[in-house]
Every structure is written in C-alpha cells, then in structure tokens.
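Just start00.cif here, mmCIF, C-alpha atoms and all ligand atoms:
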```
data_final
loop_
_atom_site.label_atom_id
_atom_site.label_comp_id
_atom_site.auth_asym_id
_atom_site.auth_seq_id
_atom_site.Cartn_x
_atom_site.Cartn_y
_atom_site.Cartn_z
CA MET A 1 -15.68 21.53 -12.25
CA SER A 2 -15.84 22.06 -15.99
CA GLU A 3 -12.13 22.89 -16.28
CA ASN A 4 -11.45 19.30 -15.24
CA THR A 5 -13.42 17.68 -18.06
CA ASP A 6 -10.30 16.68 -19.99
CA VAL A 7 -8.54 15.09 -17.08
CA LEU A 8 -11.74 13.26 -16.10
CA ASP A 9 -12.17 11.92 -19.62
CA GLN A 10 -8.54 10.83 -19.77
CA ALA A 11 -8.77 9.10 -16.38
CA LYS A 12 -12.02 7.33 -17.25
CA ALA A 13 -10.44 6.06 -20.47
CA VAL A 14 -7.54 4.58 -18.47
CA LEU A 15 -9.92 2.70 -16.19
CA LYS A 16 -11.85 1.42 -19.18
CA ARG A 17 -8.70 0.29 -20.93
CA ASN A 18 -7.49 -1.64 -17.87
CA ASP A 19 -10.91 -3.13 -17.08
CA GLN A 20 -10.99 -6.94 -17.11
CA LYS A 21 -14.77 -7.01 -16.43
CA SER A 22 -14.65 -8.05 -12.76
CA PHE A 23 -11.39 -6.39 -11.77
CA THR A 24 -8.96 -3.79 -13.10
CA ILE A 25 -5.28 -4.39 -13.79
CA PRO A 26 -2.97 -1.61 -12.50
CA ALA A 27 -1.30 -1.18 -15.91
CA GLU A 28 -0.90 -3.16 -19.11
CA GLY A 29 2.33 -5.15 -19.46
CA LEU A 30 3.96 -4.22 -16.18
CA TYR A 31 1.11 -5.17 -13.84
CA PRO A 32 -1.18 -7.71 -15.53
CA HIS A 33 -2.88 -9.21 -12.43
CA GLN A 34 -5.13 -7.98 -9.61
CA TRP A 35 -3.48 -6.21 -6.67
CA LEU A 36 -5.18 -5.74 -3.31
CA TRP A 37 -4.71 -2.08 -2.46
CA ASP A 38 -4.81 -1.07 -6.14
CA SER A 39 -8.32 -2.50 -6.44
CA CYS A 40 -9.37 -0.60 -3.31
CA PHE A 41 -8.13 2.73 -4.68
CA ILE A 42 -9.60 1.90 -8.08
CA ALA A 43 -13.01 1.22 -6.51
CA ILE A 44 -12.85 4.59 -4.73
CA GLY A 45 -12.66 6.26 -8.14
CA LEU A 46 -15.01 3.87 -9.94
CA ARG A 47 -17.81 4.64 -7.47
CA HIS A 48 -18.28 7.98 -9.24
CA ILE A 49 -18.66 6.33 -12.64
CA ASP A 50 -20.43 3.03 -12.05
CA ILE A 51 -21.29 1.99 -8.52
CA ASP A 52 -22.05 -1.64 -9.46
CA ARG A 53 -18.70 -1.97 -11.16
CA ALA A 54 -17.00 -0.46 -8.10
CA GLN A 55 -18.69 -3.05 -5.89
CA THR A 56 -17.64 -5.84 -8.25
CA GLU A 57 -14.02 -4.61 -8.03
CA LEU A 58 -14.03 -5.22 -4.27
CA LYS A 59 -16.06 -8.42 -4.36
CA SER A 60 -13.56 -9.86 -6.82
CA LEU A 61 -10.87 -9.47 -4.16
CA ILE A 62 -12.75 -11.85 -1.89
CA ARG A 63 -12.35 -14.74 -4.33
CA GLY A 64 -8.67 -14.80 -3.36
CA GLN A 65 -9.22 -14.74 0.41
CA TRP A 66 -7.46 -17.55 2.25
CA SER A 67 -9.41 -19.73 4.67
CA ASN A 68 -7.44 -18.21 7.57
CA GLY A 69 -8.73 -14.76 6.57
CA MET A 70 -5.71 -13.37 4.73
CA LEU A 71 -6.38 -11.26 1.68
CA PRO A 72 -3.45 -11.85 -0.67
CA HIS A 73 -1.68 -8.92 -2.25
CA MET A 74 -1.98 -10.43 -5.73
CA ILE A 75 -4.53 -12.63 -7.47
CA PHE A 76 -3.09 -14.06 -10.66
CA ASP A 77 -4.90 -14.09 -13.92
CA SER A 78 -4.45 -17.75 -14.84
CA SER A 79 -5.97 -17.31 -18.28
CA HIS A 80 -3.14 -15.04 -19.18
CA TRP A 81 0.28 -15.80 -20.57
CA TYR A 82 1.76 -14.06 -17.50
CA ASN A 83 0.59 -17.13 -15.61
CA GLN A 84 4.20 -18.07 -14.84
CA ASP A 85 4.31 -15.14 -12.37
CA SER A 86 2.35 -17.24 -9.88
CA SER A 87 4.99 -19.99 -9.88
CA ILE A 88 7.29 -17.80 -7.79
CA TRP A 89 4.73 -17.90 -5.01
CA ARG A 90 3.23 -21.40 -5.25
CA SER A 91 0.52 -20.42 -2.80
CA HIS A 92 -0.99 -23.93 -2.80
CA LEU A 93 1.89 -24.92 -0.49
CA SER A 94 -0.17 -23.33 2.26
CA LEU A 95 -3.16 -25.29 3.56
CA TYR A 96 -5.10 -22.05 3.73
CA ALA A 97 -4.78 -20.94 0.11
CA PRO A 98 -7.84 -21.35 -2.13
CA ASP A 99 -7.78 -24.36 -4.46
CA ASP A 100 -9.16 -22.72 -7.54
CA VAL A 101 -7.38 -19.34 -7.52
CA ASN A 102 -3.65 -18.66 -7.70
CA THR A 103 -2.56 -15.93 -5.31
CA SER A 104 0.57 -14.54 -3.71
CA GLY A 105 1.31 -15.56 -0.12
CA ILE A 106 1.46 -12.15 1.56
CA THR A 107 -0.91 -9.22 2.01
CA GLN A 108 -0.89 -5.45 1.34
CA PRO A 109 -2.12 -2.42 3.35
CA PRO A 110 -5.69 -2.97 4.54
CA VAL A 111 -7.43 -0.22 2.58
CA LEU A 112 -10.44 -2.45 1.94
CA ALA A 113 -12.57 -1.06 4.82
CA GLU A 114 -11.98 2.47 3.52
CA ALA A 115 -13.07 1.48 0.01
CA VAL A 116 -16.18 -0.28 1.37
CA VAL A 117 -17.15 2.88 3.30
CA LYS A 118 -16.44 5.17 0.34
CA ILE A 119 -18.75 3.10 -1.85
CA GLY A 120 -21.28 3.17 1.00
CA GLU A 121 -21.27 6.98 0.88
CA GLN A 122 -22.79 6.85 -2.60
CA LEU A 123 -25.66 4.55 -1.53
CA SER A 124 -29.00 5.08 0.20
CA LEU A 125 -29.13 3.88 3.80
CA ALA A 126 -30.94 0.66 2.88
CA GLU A 127 -28.50 -0.09 0.04
CA ARG A 128 -25.57 0.75 2.26
CA ARG A 129 -26.74 -1.77 4.87
CA THR A 130 -27.03 -4.49 2.23
CA TRP A 131 -23.59 -3.60 0.89
CA TYR A 132 -22.01 -3.65 4.34
CA GLN A 133 -23.67 -6.98 5.09
CA GLN A 134 -22.13 -8.44 1.96
CA MET A 135 -18.62 -7.29 2.78
CA TYR A 136 -18.62 -7.58 6.58
CA PRO A 137 -17.77 -11.32 6.97
CA SER A 138 -14.67 -11.06 4.77
CA LEU A 139 -13.54 -7.80 6.31
CA LEU A 140 -13.96 -9.15 9.80
CA ALA A 141 -12.05 -12.34 8.96
CA TYR A 142 -9.25 -10.26 7.43
CA HIS A 143 -8.86 -7.94 10.40
CA GLN A 144 -9.03 -10.86 12.82
CA TRP A 145 -6.34 -12.66 10.86
CA LEU A 146 -4.11 -9.58 11.01
CA PHE A 147 -4.35 -9.40 14.79
CA HIS A 148 -4.17 -13.14 15.25
CA GLU A 149 -1.24 -13.91 13.00
CA ARG A 150 0.65 -10.64 12.69
CA ASP A 151 0.78 -9.42 16.26
CA PRO A 152 3.38 -11.72 17.84
CA LYS A 153 4.29 -9.12 20.44
CA GLY A 154 0.67 -8.87 21.55
CA ASP A 155 0.58 -5.07 21.61
CA GLY A 156 -1.83 -4.59 18.70
CA LEU A 157 0.80 -3.37 16.22
CA VAL A 158 0.96 -5.74 13.26
CA ILE A 159 4.09 -6.94 11.49
CA GLN A 160 4.92 -7.29 7.81
CA LEU A 161 7.13 -9.97 6.30
CA HIS A 162 8.09 -8.52 2.95
CA PRO A 163 8.47 -4.92 1.68
CA TYR A 164 5.70 -5.67 -0.82
CA GLU A 165 3.30 -5.87 2.11
CA THR A 166 3.74 -2.14 2.72
CA GLY A 167 2.81 -1.31 -0.88
CA LEU A 168 5.78 1.13 -0.82
CA ASP A 169 8.06 -1.58 -2.18
CA SER A 170 11.48 0.05 -2.13
CA THR A 171 10.89 2.54 0.67
CA PRO A 172 14.13 3.45 2.53
CA PRO A 173 13.30 2.03 5.98
CA TRP A 174 12.91 -1.44 4.46
CA ILE A 175 15.91 -1.11 2.14
CA ASP A 176 17.94 -0.03 5.16
CA GLN A 177 16.91 -3.10 7.15
CA LEU A 178 17.52 -5.35 4.19
CA ASN A 179 21.03 -3.95 3.84
CA LYS A 180 21.71 -4.41 7.54
CA HIS A 181 20.09 -7.76 8.24
CA TYR A 182 19.62 -9.57 4.99
CA MET A 183 22.75 -9.85 2.88
CA PRO A 184 23.33 -13.48 1.91
CA TRP A 185 26.91 -14.34 0.86
CA TRP A 186 25.94 -14.51 -2.81
CA ALA A 187 24.57 -10.97 -2.71
CA SER A 188 27.92 -9.48 -1.69
CA LEU A 189 29.60 -11.56 -4.39
CA LEU A 190 27.19 -10.33 -7.05
CA LYS A 191 27.68 -6.77 -5.91
CA ALA A 192 31.47 -7.06 -6.01
CA THR A 193 31.53 -8.68 -9.46
CA LYS A 194 28.72 -6.49 -10.84
CA LEU A 195 27.12 -9.70 -12.13
CA ASP A 196 23.80 -8.44 -10.85
CA THR A 197 23.29 -6.72 -14.22
CA VAL A 198 22.45 -10.16 -15.67
CA VAL A 199 19.24 -9.92 -13.68
CA ASN A 200 18.05 -7.24 -16.11
CA LEU A 201 17.42 -10.04 -18.62
CA PHE A 202 14.75 -11.48 -16.34
CA ARG A 203 13.14 -8.27 -15.12
CA ARG A 204 9.95 -7.18 -16.81
CA ASP A 205 9.86 -3.81 -15.09
CA THR A 206 13.23 -2.61 -16.37
CA ARG A 207 12.26 -3.62 -19.89
CA THR A 208 9.11 -1.54 -19.66
CA VAL A 209 10.38 1.41 -17.65
CA PRO A 210 13.90 3.01 -17.57
CA PRO A 211 16.00 1.16 -14.93
CA GLY A 212 16.77 4.48 -13.20
CA GLN A 213 13.11 4.69 -12.24
CA ARG A 214 13.03 1.25 -10.63
CA MET A 215 14.71 -0.60 -7.81
CA ASP A 216 18.29 -1.78 -8.40
CA ASN A 217 19.03 -5.37 -9.39
CA LEU A 218 20.59 -6.41 -6.13
CA HIS A 219 17.54 -5.42 -4.13
CA ALA A 220 15.21 -6.97 -6.70
CA LEU A 221 17.09 -10.24 -6.17
CA LEU A 222 16.95 -9.93 -2.41
CA TYR A 223 13.19 -9.32 -2.60
CA TYR A 224 12.88 -12.51 -4.58
CA ASP A 225 14.95 -14.31 -1.97
CA VAL A 226 12.66 -13.18 0.84
CA ILE A 227 9.71 -14.61 -1.12
CA ARG A 228 11.60 -17.87 -1.57
CA LYS A 229 12.12 -18.15 2.20
CA LEU A 230 8.44 -17.49 2.93
CA ARG A 231 7.49 -20.05 0.32
CA ASP A 232 9.93 -22.66 1.66
CA ARG A 233 8.19 -22.30 5.03
CA HIS A 234 4.82 -22.76 3.32
CA TYR A 235 3.71 -19.32 4.54
CA ASP A 236 3.44 -20.79 8.04
CA ILE A 237 3.81 -17.88 10.43
CA ASP A 238 5.33 -19.94 13.25
CA LYS A 239 8.01 -21.33 10.98
CA ILE A 240 8.65 -17.89 9.52
CA LEU A 241 8.98 -16.18 12.88
CA ALA A 242 11.14 -18.96 14.31
CA LYS A 243 14.03 -17.91 12.05
CA SER A 244 13.31 -14.55 10.53
CA ASP A 245 15.41 -11.51 11.23
CA PHE A 246 13.55 -9.36 8.74
CA VAL A 247 10.18 -8.57 10.28
CA ILE A 248 8.90 -5.03 10.70
CA ALA A 249 5.84 -3.31 12.17
CA ASP A 250 5.52 -0.89 9.28
CA LEU A 251 4.27 2.61 10.03
CA THR A 252 2.20 3.04 6.85
CA PHE A 253 0.57 -0.36 7.20
CA ASN A 254 -0.27 0.22 10.86
CA SER A 255 -1.60 3.74 10.21
CA ILE A 256 -3.94 2.34 7.57
CA PHE A 257 -4.95 -0.51 9.87
CA ILE A 258 -5.80 1.89 12.72
CA ARG A 259 -8.12 3.78 10.35
CA ALA A 260 -9.52 0.56 8.86
CA ASN A 261 -10.50 -0.66 12.31
CA GLN A 262 -12.45 2.55 12.90
CA HIS A 263 -14.26 1.89 9.66
CA LEU A 264 -14.91 -1.72 10.64
CA MET A 265 -16.50 -0.56 13.91
CA ASP A 266 -18.74 1.89 12.00
CA ILE A 267 -19.73 -0.79 9.51
CA ALA A 268 -20.61 -3.25 12.29
CA LYS A 269 -22.64 -0.58 14.08
CA LEU A 270 -24.71 0.27 11.04
CA ILE A 271 -25.68 -3.36 10.47
CA HIS A 272 -26.20 -4.02 14.19
CA ARG A 273 -23.39 -6.53 14.61
CA ASP A 274 -21.27 -6.83 17.72
CA LEU A 275 -17.59 -7.14 16.95
CA PRO A 276 -15.91 -9.97 18.89
CA GLU A 277 -14.63 -8.68 22.23
CA THR A 278 -11.13 -9.95 21.52
CA LEU A 279 -11.08 -7.77 18.43
CA THR A 280 -12.30 -4.60 20.14
CA ALA A 281 -9.74 -5.14 22.90
CA LYS A 282 -6.97 -5.40 20.28
CA ILE A 283 -8.19 -2.29 18.50
CA LYS A 284 -8.01 -0.34 21.74
CA LEU A 285 -4.59 -1.72 22.53
CA SER A 286 -3.27 -0.81 19.07
CA HIS A 287 -4.29 2.81 19.62
CA ASN A 288 -2.25 3.02 22.80
CA SER A 289 0.72 1.12 21.42
CA PHE A 290 0.91 3.34 18.36
CA GLU A 291 2.62 6.01 20.46
CA GLU A 292 5.56 3.62 20.90
CA LEU A 293 6.41 4.37 17.28
CA TRP A 294 7.03 8.03 18.20
CA ASP A 295 10.62 9.14 18.64
CA ALA A 296 10.75 12.15 20.95
CA TYR A 297 14.30 13.00 19.92
CA SER A 298 13.55 13.56 16.22
CA SER A 299 9.83 14.27 16.73
CA GLN A 300 8.76 11.67 14.19
CA TYR A 301 6.95 8.36 13.98
CA TYR A 302 8.87 5.41 12.52
CA SER A 303 8.46 1.74 11.67
CA ARG A 304 9.78 -0.75 14.22
CA ASN A 305 11.98 -3.79 13.73
CA LEU A 306 10.48 -6.76 15.55
CA PRO A 307 13.44 -8.86 16.57
CA THR A 308 15.38 -5.85 17.91
CA ASN A 309 12.30 -3.86 18.98
CA LYS A 310 14.09 -0.72 17.79
CA LEU A 311 12.62 2.08 15.71
CA ILE A 312 14.02 2.27 12.20
CA LYS A 313 15.00 5.93 12.07
CA GLU A 314 15.12 6.24 8.32
CA PRO A 315 12.75 8.98 7.12
CA SER A 316 10.13 8.38 4.44
CA ILE A 317 6.60 9.42 3.56
CA ALA A 318 5.37 6.96 6.20
CA ALA A 319 6.13 9.73 8.72
CA LEU A 320 2.99 11.56 7.53
CA MET A 321 0.64 8.58 7.55
CA PRO A 322 -0.38 8.92 11.21
CA LEU A 323 -2.44 11.91 10.02
CA TYR A 324 -4.52 9.42 8.07
CA ALA A 325 -4.63 7.00 11.03
CA GLY A 326 -6.42 9.81 12.85
CA ASN A 327 -5.61 8.58 16.35
CA ILE A 328 -2.71 10.92 17.16
CA THR A 329 -3.04 14.08 19.25
CA LYS A 330 -3.52 17.52 17.70
CA GLU A 331 -0.08 18.44 18.96
CA ARG A 332 1.55 15.55 17.10
CA ALA A 333 -0.50 16.35 13.98
CA LYS A 334 0.80 19.92 14.14
CA GLN A 335 4.36 18.63 14.13
CA LEU A 336 3.68 16.45 11.08
CA VAL A 337 2.11 19.39 9.25
CA ALA A 338 5.25 21.41 10.02
CA ASP A 339 7.36 18.65 8.43
CA LEU A 340 5.07 18.72 5.41
CA GLY A 341 5.69 22.46 5.03
CA ASP A 342 9.45 22.22 5.60
CA GLU A 343 11.45 22.89 2.42
CA LYS A 344 14.21 20.57 3.59
CA GLN A 345 11.73 17.75 3.95
CA PHE A 346 8.41 17.43 2.13
CA ALA A 347 7.67 20.90 0.70
CA THR A 348 8.66 20.27 -2.91
CA LYS A 349 7.14 22.18 -5.83
CA TYR A 350 4.86 19.18 -6.45
CA PRO A 351 4.18 17.55 -3.10
CA VAL A 352 4.31 15.05 -1.51
CA PRO A 353 7.64 13.32 -2.24
CA SER A 354 7.78 9.68 -1.13
CA VAL A 355 11.08 10.41 0.62
CA PRO A 356 12.02 13.77 2.19
CA LEU A 357 14.56 15.88 0.33
CA ASN A 358 17.10 15.64 3.13
CA SER A 359 17.19 11.84 3.00
CA LYS A 360 20.32 10.24 1.54
CA TYR A 361 17.98 8.05 -0.50
CA PHE A 362 16.14 10.92 -2.20
CA ASP A 363 16.00 10.37 -5.97
CA PRO A 364 13.17 12.24 -7.74
CA GLN A 365 12.64 9.55 -10.38
CA ARG A 366 13.13 6.30 -8.53
CA TYR A 367 10.07 4.34 -7.51
CA TRP A 368 9.29 4.85 -3.79
CA GLN A 369 12.45 6.84 -3.13
CA GLY A 370 11.34 10.34 -4.09
CA PRO A 371 8.49 10.62 -6.61
CA LEU A 372 5.00 11.70 -5.64
CA TRP A 373 2.24 9.11 -5.90
CA LEU A 374 -1.46 9.83 -6.05
CA ASN A 375 -2.42 7.22 -3.46
CA THR A 376 -0.15 8.53 -0.70
CA ASN A 377 -1.30 12.08 -1.54
CA TRP A 378 -4.90 10.91 -1.24
CA LEU A 379 -4.24 9.44 2.22
CA ILE A 380 -2.44 12.59 3.38
CA ILE A 381 -5.21 14.88 2.06
CA ASP A 382 -7.76 12.81 3.97
CA GLY A 383 -5.71 13.02 7.16
CA LEU A 384 -5.11 16.77 6.86
CA LYS A 385 -8.84 17.40 6.51
CA ARG A 386 -9.64 15.36 9.56
CA TYR A 387 -7.25 17.46 11.64
CA GLY A 388 -8.72 20.68 10.24
CA TYR A 389 -5.86 21.59 7.87
CA ASP A 390 -8.21 22.23 4.96
CA LYS A 391 -6.01 24.78 3.21
CA HIS A 392 -2.97 22.49 3.27
CA ALA A 393 -5.15 19.66 1.95
CA ALA A 394 -6.58 21.85 -0.83
CA ILE A 395 -3.09 22.75 -2.09
CA ILE A 396 -1.95 19.12 -2.32
CA GLN A 397 -5.27 18.18 -3.88
CA GLN A 398 -5.04 20.86 -6.59
CA LYS A 399 -1.39 20.10 -7.36
CA SER A 400 -2.17 16.38 -7.65
CA ILE A 401 -4.92 17.15 -10.14
CA ASP A 402 -2.65 19.57 -12.05
CA VAL A 403 0.14 17.02 -12.41
CA VAL A 404 -2.21 14.40 -13.87
CA ALA A 405 -3.92 17.01 -16.07
CA ARG A 406 -0.54 17.98 -17.50
CA HIS A 407 0.96 14.52 -18.03
CA SER A 408 -1.96 12.02 -17.82
CA SER A 409 -2.23 9.05 -15.46
CA TYR A 410 1.37 7.92 -14.95
CA GLU A 411 2.37 5.69 -12.06
CA TYR A 412 4.39 8.41 -10.28
CA PHE A 413 5.83 11.89 -10.87
CA ASN A 414 9.00 13.82 -10.15
CA PRO A 415 8.14 16.02 -7.13
CA GLN A 416 10.46 18.82 -8.31
CA ASP A 417 9.45 19.33 -11.95
CA SER A 418 6.37 17.05 -12.17
CA SER A 419 7.83 14.96 -15.02
CA PRO A 420 6.08 11.60 -15.28
CA ALA A 421 7.72 8.23 -14.52
CA GLY A 422 6.92 4.54 -14.17
CA ALA A 423 4.05 2.87 -16.00
CA LYS A 424 1.73 4.74 -18.35
CA ASN A 425 -2.05 4.52 -17.96
CA PHE A 426 -1.81 3.56 -14.31
CA SER A 427 -5.20 2.74 -12.83
CA TRP A 428 -5.03 4.11 -9.28
CA THR A 429 -3.67 7.45 -10.52
CA ALA A 430 -6.71 7.65 -12.82
CA ALA A 431 -9.18 6.50 -10.16
CA LEU A 432 -7.90 8.81 -7.44
CA VAL A 433 -7.74 11.89 -9.63
CA ILE A 434 -11.41 11.22 -10.41
CA ASP A 435 -12.12 11.03 -6.70
CA LEU A 436 -10.11 14.17 -5.90
CA ILE A 437 -12.18 16.06 -8.47
CA LEU A 438 -15.60 14.60 -7.73
CA ASP A 439 -15.71 13.80 -4.03
CA LYS A 440 -17.88 16.57 -2.63
CA THR A 441 -16.65 15.92 0.90
CA LYS A 442 -13.10 16.78 -0.16
C1 LIG A 501 4.07 -1.64 -7.37
C2 LIG A 501 3.70 -0.78 -6.16
C3 LIG A 501 2.60 -1.46 -5.36
C4 LIG A 501 1.43 -1.75 -6.29
C5 LIG A 501 1.87 -2.58 -7.49
C6 LIG A 501 0.79 -2.72 -8.54
O1 LIG A 501 4.64 -2.81 -7.00
O2 LIG A 501 4.82 -0.57 -5.37
O3 LIG A 501 2.19 -0.65 -4.30
O4 LIG A 501 0.42 -2.41 -5.60
O5 LIG A 501 2.93 -1.92 -8.13
O6 LIG A 501 0.38 -1.47 -9.00
#
```

Can you present the structure in this file as structure tokens?
Ligand code: GLC
Amino acid sequence: MSENTDVLDQAKAVLKRNDQKSFTIPAEGLYPHQWLWDSCFIAIGLRHIDIDRAQTELKSLIRGQWSNGMLPHMIFDSSHWYNQDSSIWRSHLSLYAPDDVNTSGITQPPVLAEAVVKIGEQLSLAERRTWYQQMYPSLLAYHQWLFHERDPKGDGLVIQLHPYETGLDSTPPWIDQLNKHYMPWWASLLKATKLDTVVNLFRRDTRTVPPGQRMDNLHALLYYDVIRKLRDRHYDIDKILAKSDFVIADLTFNSIFIRANQHLMDIAKLIHRDLPETLTAKIKLSHNSFEELWDAYSSQYYSRNLPTNKLIKEPSIAALMPLYAGNITKERAKQLVADLGDEKQFATKYPVPSVPLNSKYFDPQRYWQGPLWLNTNWLIIDGLKRYGYDKHAAIIQQKSIDVVARHSSYEYFNPQDSSPAGAKNFSWTAALVIDLILDKTK
C-alpha cells in the first residue's frame, strides 16, 4: 500500500520516540509508565516492524505480575521523576505484589492472549511453539486469577473494581453507577461550592490537554477515592467485596475475556498442554452466562452491577464488543451491525464513536464519552470480519487509517469532523494504524 507510506513512517516514528528499550510509554508527559492493554496493542503493531521488540514488549509486562496471577494495569518507571505516581497505589500493601517492581493494584482488559497470538502469526510453527511456551504460564495464571478472584457470583462473568479496569475510564455506564452509588458527603459539598476546580492544580492531564477533552474534576476525585478504598483494604478481594457497592461485570472486559479464553485454548493445544478442568468448565460457563447481559427490551448487551444484579442500561461502545467476543449468535450480531449503521447511534462520519449520538453523555471531544479511538475500532473491525461483515469492517478500517493519515497519531478523534484530541504521539494509535495497514488477514 504505497499511498500509506507517510502514515506508516509517522506511526513508526511515534513508536520509536516512546520506546524505553523494553517497553513503550503510551505518550510522553501524560502517560510516562507502562500500561497493560497499551503494551498489548503496541506489540500488535510492533510485530510488523521488529518481532523481537514486540516479544520484549509483552515479556516486560510479566515482570509486574503478582504472585496470585494478577497482571497490574500499570507498572511504574521508578527511575523516573514521575515516581510519585506509584505512591497513590502503594501496591506493596498487598502480600502478592512483587517486591522489586512498583505497580498499580488493579488490572485492565485481558488483551494479552490476543497479542501473543498476533505475534505468533508472524512466526514459523517451531518459533511459535517456543513463543507460546514462554508466555503460557503467565497467561494461564492470569486467566485463572480472573476466574478465581473476580467471579464471586460463580457464573463465569468477571467483575471489575474500578473504571480504570475497563480501559474506557470515563465511559457512561460507570459514571452513571458512580453518580448513583458512590457520592461521599464531601463530593456533594465540593460540587455545590464549585471548589472542585482546585483539583486542576494537581491534575497532570488537564495541564497537558484542554480540560474539555478530559473527565471533570469531581469524577477525577471520586476515581481517586475508589483507589484509596482499594488500597486501604490492601487489595484483598474479600475485604473489598465485604463492603463495596461499586462492583460491575463490565461488558467490554468480559467480551475481551471471552475471546482471550478462546486464544488461551488454542495456545494450549498447539503446545500440547491440557488446561486445568476447572478452567475449561469456567470458560464454558462464561459463554452461557454471557447471554444474561442481553436486554431483550432494548435489544442490547449491557454491563451488570454486582450487588444489585441489574443491567446498567446506559449505552456506550461496549454494546458492540460482543462482536469481538465472537460467542454471540448470528442473529444477535446482525442486530449489533444494525446499531452500528444507525445514524442516531454509531453511524457518524468518522466511526465508531465511544458513545452513541443519542446518549445524553455524547460529547465529541471528551475522553471516552464520544470520540473515536483506534483500539476500539480495531476490536470492532476484528469482530465484524469474524461474523462475515467484511464490507462494514473495510469502511471502518479505511476511515481509521484516513483519520490518522490526516492528523497523525493522536489519542482520540472527534467522530463528526475527525479533529484530533487528547495526547499527541499516542503509541497505540500508531501501532494499530500500522496493523490496520499491514495485516494481510484484515
Ligand atoms: C487512559 C485510557 C486507558 C489507557 C491509558 C494509558 O487512561 O483511558 O485505556 O490505558 O490512558 O494510555
């Protein structure tokens, strides 16, 4: 694709600029550490440039793995002056956290199995087996931890404890639940007195990016408060669940986990390992339980609140993620594709908006409340192809490439006029545009 030479060069330069030798930061200044799902998406792009470096990107995630199997959503760069960021988390309060690496105390969507398989696609069979053997123990431990610790209901759907765990930080279903179930007295006071603006002094993101493109101060404070509670309970799941009223089985996370478990089974098969029976039973169960997230009345899938067991009927891009999960029926997939093509919902000039147009939250510039992101587009394109919607996938793919070609690798883009927003030189945008151009299977 010679017409894509410029965008490829630009994207490669971004990855080079953010390269820290063994891992890649998402963006200078705003995101100076290693993030779990960022590194997975980055590796998916890097595999086209330097396969060894792509493997190193994923292996470097394992250094942060907790002894209970959790892969933390952030690994802090302790050599850096941003080191104080890790003090919010104080992960060493958990017995399971590694001694020599500072990490956060929560996880992020389990895209690792996908990234391992994508790297495997570039390798010969013998090399692929070696690669899978290297990654299998950590992957297995991670998936087992998810089922063991995050499935309190026992139906195979896993819960998340903080919006950061979904990767879609300020996505409306979580903001909605936060507003309904998590408003400490001081938050209402701050809101009433407008003192929350003081928080701007402490926020790095609103100094780097216009505040209108980020989450508001009140919610930023509440997010911090949820971390504080998790930390005060030393990241002990029993203590957390004993009191928490803010626990959600998130639709995006579970869709990715369903797919990741398919990958894990394929990986195990290729290296002749038998997955533990308890794990295969849970995987099967999760497939059946997934349908409980379907709401027949509105013909949509939603996230589910754990304490109340109710679906959170607040629309967002998560509604399309079951296409990526790949376990839904063709009939359901058809419905989701109709939503994708609906001009009141997801059919913007530059798809796919992170919130449908008819949502009260829709804001084309604000973080996960409207803009299009390359990673969610990548997941949707993958899902559409698997259900045979190649033409739909090709349109989103081409528009994603066009947007980056026009504006370079920004963090996110306005889905109506394509104007760029968020951080500049954002790594997963660069990596995934490379993959969208070069992956021959796409
Ligand atoms: C933002 C995104 C999150 C990402 C992180 C680092 O917080 O919401 O998904 O992992 O930035 O890029």

Counting all atoms listed in the file, which of A:Asp151, A:Asp439, A:Glu411, A:Glu314 gets nearest to ligand LIG 501 (chain A)? A:Glu411

Wanna dump the chain A-ligand LIG 501 (chain A) contacts at 7 Å for me, each residue with its shortest atom pair and the distance in Å to one decimal, counting all atoms listed in the file, ordered by chain and number, as CSV?
```
residue,atom,partner,partner_atom,distance
A:Pro26,CA,A:LIG501,O6,4.8
A:Tyr31,CA,A:LIG501,C6,5.8
A:Trp35,CA,A:LIG501,O4,5.5
A:Leu36,CA,A:LIG501,O4,6.9
A:Trp37,CA,A:LIG501,O4,6.0
A:Asp38,CA,A:LIG501,O4,5.4
A:Tyr164,CA,A:LIG501,O2,6.9
A:Gly167,CA,A:LIG501,O3,3.5
A:Leu168,CA,A:LIG501,O2,5.0
A:Asp169,CA,A:LIG501,O2,4.7
```

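Shell of A:Ile51 at 12 Å, with all atoms listed in the file counted and residues fewer than 2 places along the chain excluded, is Ile42, Ala43, Ile44, Gly45, Leu46, Arg47, His48, Ile49, Arg53, Ala54, Gln55, Thr56, Glu57, Leu58, Ala115, Val116, Lys118, Ile119, Gly120, Glu121, Gln122, Leu123, Glu127, Arg128 and Trp131 of chain A.
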
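In terms of minimum interatomic distance to A:Val337, A:Tyr389 ranks closest within A:Trp89, A:Tyr361, A:Tyr132, A:Tyr389, counting only C-alpha atoms.
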
In the coordinate frame of the file, compute which residues have an atom within 12 Å of (-26.0, -6.7, 4.1) when using only C-alpha atoms, and state them as a ChimeraX atom specification. /A:120,125-137,267-268,270-273

Hey, can you check how far atom CA of A:Val117 sits from atom CA of A:Asp100? 28.9 Å

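In this structure, atom CA of A:His219 sits 21.5 Å away from atom CA of A:Arg90.
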
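Each of A:Val355, A:Ile437, A:Ile258, A:Ile62 was compared to A:Ala394 using all atoms listed in the file, and A:Ile437 turns out to be the nearest.
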
Given only C-alpha atoms as the basis, pick out the residue of A:Cys40, A:Ile25, A:Ala421, A:Ile75 nearest to A:Tyr367. A:Ala421

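Here atom CA of A:Asn254 stands at a distance of 11.2 Å from atom CA of A:Glu165.
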